[in-house]
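The structure appears below as structure tokens.
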Amino acid sequence: IFEEEHFDTATPGALFQLHLAAAVAQSESEANSENQKWTYRKNAAQDIHNIGSKHFFGYDGNGNTLVPNKDAAIVRNIYAARIRGKTYREIAALVNKTGALTIRGNHFTPQAIRSIIRNEVYKGDLQLQKRPSQNLITKIPDAVQVRKYIRNHHEAIVSPEIWEQANRGRKK
């Protein structure tokens, strides 16, 4: 029994009503998804973006730009440790010994360290539409995608040279 919709699946035709309601809900969800993807594409094409305030460790966001914060020194230490040959696991252990926590309040993992090292944000660049939007049903990435790479978008925590050194050998 669905109280809000006022039908009972034990009655004739109720199953049809249920399927019809599900189809309408799915159609609305697909329309909302397409509208949101269209907005992202349009904004990316016009260099309009909102970074937010809690997306990147070591930065504070104020809408359209990023400003290094007190955790920027930890980010620099992460890059320096990687250049010295430390593994992601070793770097995570070193950072965790300092008592630092991720932006979500968790301990650092090797994956979190890898994400920091590989992210172009830390050298002052920004890539819009980094992860392609997906088809709602199949989860296959959409073919229509506006990817924009903006160099020198905000103040860097590490120089491009240090970023390159830390990422050297990544493709091997």
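Letters A, B, ... mark the chains of the structure tokens in the order given; residue numbers begin at 1 per chain; ligand numbers begin at 1, in order shown.
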
Residues flagged helix (DSSP H, G or I) by DSSP in chain A, as a ChimeraX atom specification: /A:14-45,72-83,88-97,110-118,120-123,160-167

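By only C-alpha atoms, and with residues fewer than 4 positions from Arg118 of chain A along its chain excluded, the set lying at most 12 Å from it is Val75, Ile78, Tyr79, Arg82, Tyr88, Gln111, Ala112, Ile113, Arg114, Tyr122, Lys123, Asp125, Pro160, Ile162, Trp163, Glu164, Gln165, Ala166, Asn167, Arg168, Gly169, Arg170 and Lys171 of chain A.
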
Close residues, segment 126-131 of chain A itself excluded, 7 Å, only C-alpha atoms, min 4 positions apart in chain, as an MDAnalysis selection string: chainID A and resid 44 120:121 146:151 153

Given the selection you just returned, output its residues as a file containing all heavy atoms, formatted as a tab-separated table (two decimals), in the first residue's frame.
chain	number	residue	atom	x	y	z
A	44	ALA	N	31.86	25.83	-18.40
A	44	ALA	CA	33.25	25.51	-18.72
A	44	ALA	C	33.68	26.21	-20.00
A	44	ALA	O	34.80	26.72	-20.10
A	44	ALA	CB	33.44	24.01	-18.85
A	120	GLU	N	47.07	18.81	-10.63
A	120	GLU	CA	47.67	20.01	-11.22
A	120	GLU	C	47.34	21.28	-10.46
A	120	GLU	O	47.98	22.31	-10.63
A	120	GLU	CB	47.25	20.16	-12.68
A	120	GLU	CG	45.80	20.58	-12.89
A	120	GLU	CD	44.79	19.46	-12.69
A	120	GLU	OE1	45.17	18.28	-12.70
A	120	GLU	OE2	43.60	19.78	-12.49
A	121	VAL	N	46.35	21.24	-9.58
A	121	VAL	CA	45.96	22.41	-8.79
A	121	VAL	C	47.14	22.93	-7.98
A	121	VAL	O	47.30	24.13	-7.81
A	121	VAL	CB	44.76	22.05	-7.87
A	121	VAL	CG1	44.56	23.09	-6.80
A	121	VAL	CG2	43.51	21.88	-8.70
A	146	VAL	N	33.36	19.36	-22.56
A	146	VAL	CA	34.17	20.57	-22.71
A	146	VAL	C	35.24	20.51	-21.63
A	146	VAL	O	34.97	20.69	-20.46
A	146	VAL	CB	33.31	21.85	-22.54
A	146	VAL	CG1	34.19	23.08	-22.64
A	146	VAL	CG2	32.21	21.89	-23.57
A	147	ARG	N	36.46	20.22	-22.04
A	147	ARG	CA	37.56	20.20	-21.08
A	147	ARG	C	38.43	21.42	-21.35
A	147	ARG	O	38.81	21.67	-22.47
A	147	ARG	CB	38.39	18.93	-21.25
A	147	ARG	CG	37.63	17.73	-20.80
A	147	ARG	CD	38.54	16.55	-20.70
A	147	ARG	NE	37.78	15.44	-20.16
A	147	ARG	CZ	38.26	14.26	-19.97
A	147	ARG	NH1	39.50	14.00	-20.27
A	147	ARG	NH2	37.53	13.31	-19.47
A	148	LYS	N	38.69	22.12	-20.29
A	148	LYS	CA	39.53	23.30	-20.41
A	148	LYS	C	40.62	23.24	-19.37
A	148	LYS	O	40.37	22.94	-18.22
A	148	LYS	CB	38.68	24.56	-20.20
A	148	LYS	CG	38.35	25.20	-21.49
A	148	LYS	CD	37.91	26.60	-21.29
A	148	LYS	CE	37.80	27.17	-22.68
A	148	LYS	NZ	37.04	28.32	-22.78
A	149	TYR	N	41.82	23.53	-19.80
A	149	TYR	CA	42.97	23.57	-18.90
A	149	TYR	C	43.40	25.02	-18.78
A	149	TYR	O	43.73	25.66	-19.78
A	149	TYR	CB	44.10	22.70	-19.45
A	149	TYR	CG	45.17	22.44	-18.44
A	149	TYR	CD1	45.11	21.32	-17.62
A	149	TYR	CD2	46.24	23.30	-18.28
A	149	TYR	CE1	46.09	21.05	-16.68
A	149	TYR	CE2	47.24	23.06	-17.34
A	149	TYR	CZ	47.15	21.93	-16.55
A	149	TYR	OH	48.12	21.68	-15.61
A	150	ILE	N	43.38	25.54	-17.55
A	150	ILE	CA	43.73	26.94	-17.33
A	150	ILE	C	45.06	27.00	-16.58
A	150	ILE	O	45.16	26.53	-15.45
A	150	ILE	CB	42.63	27.66	-16.51
A	150	ILE	CG1	41.27	27.51	-17.20
A	150	ILE	CG2	42.99	29.12	-16.32
A	150	ILE	CD1	40.11	27.97	-16.35
A	151	ARG	N	46.06	27.55	-17.23
A	151	ARG	CA	47.39	27.68	-16.61
A	151	ARG	C	47.43	28.96	-15.76
A	151	ARG	O	46.80	29.95	-16.09
A	151	ARG	CB	48.47	27.74	-17.67
A	151	ARG	CG	48.60	26.45	-18.44
A	151	ARG	CD	49.83	26.43	-19.33
A	151	ARG	NE	49.81	25.28	-20.22
A	151	ARG	CZ	50.03	24.04	-19.83
A	151	ARG	NH1	50.29	23.77	-18.59
A	151	ARG	NH2	50.01	23.04	-20.70
A	153	HIS	N	46.16	29.74	-12.94
A	153	HIS	CA	44.82	30.13	-12.51
A	153	HIS	C	44.83	30.77	-11.11
A	153	HIS	O	44.08	31.70	-10.84
A	153	HIS	CB	43.90	28.91	-12.52
A	153	HIS	CG	42.55	29.17	-11.96
A	153	HIS	ND1	42.24	28.97	-10.63
A	153	HIS	CD2	41.43	29.65	-12.55
A	153	HIS	CE1	40.98	29.30	-10.43
A	153	HIS	NE2	40.46	29.71	-11.57

Long-range neighbours of segment 100-107 of chain A as a PyMOL selection string, 7 Å cut-off, only C-alpha atoms, 2 positions minimum in chain: chain A and resi 54+57+95-96+98+109
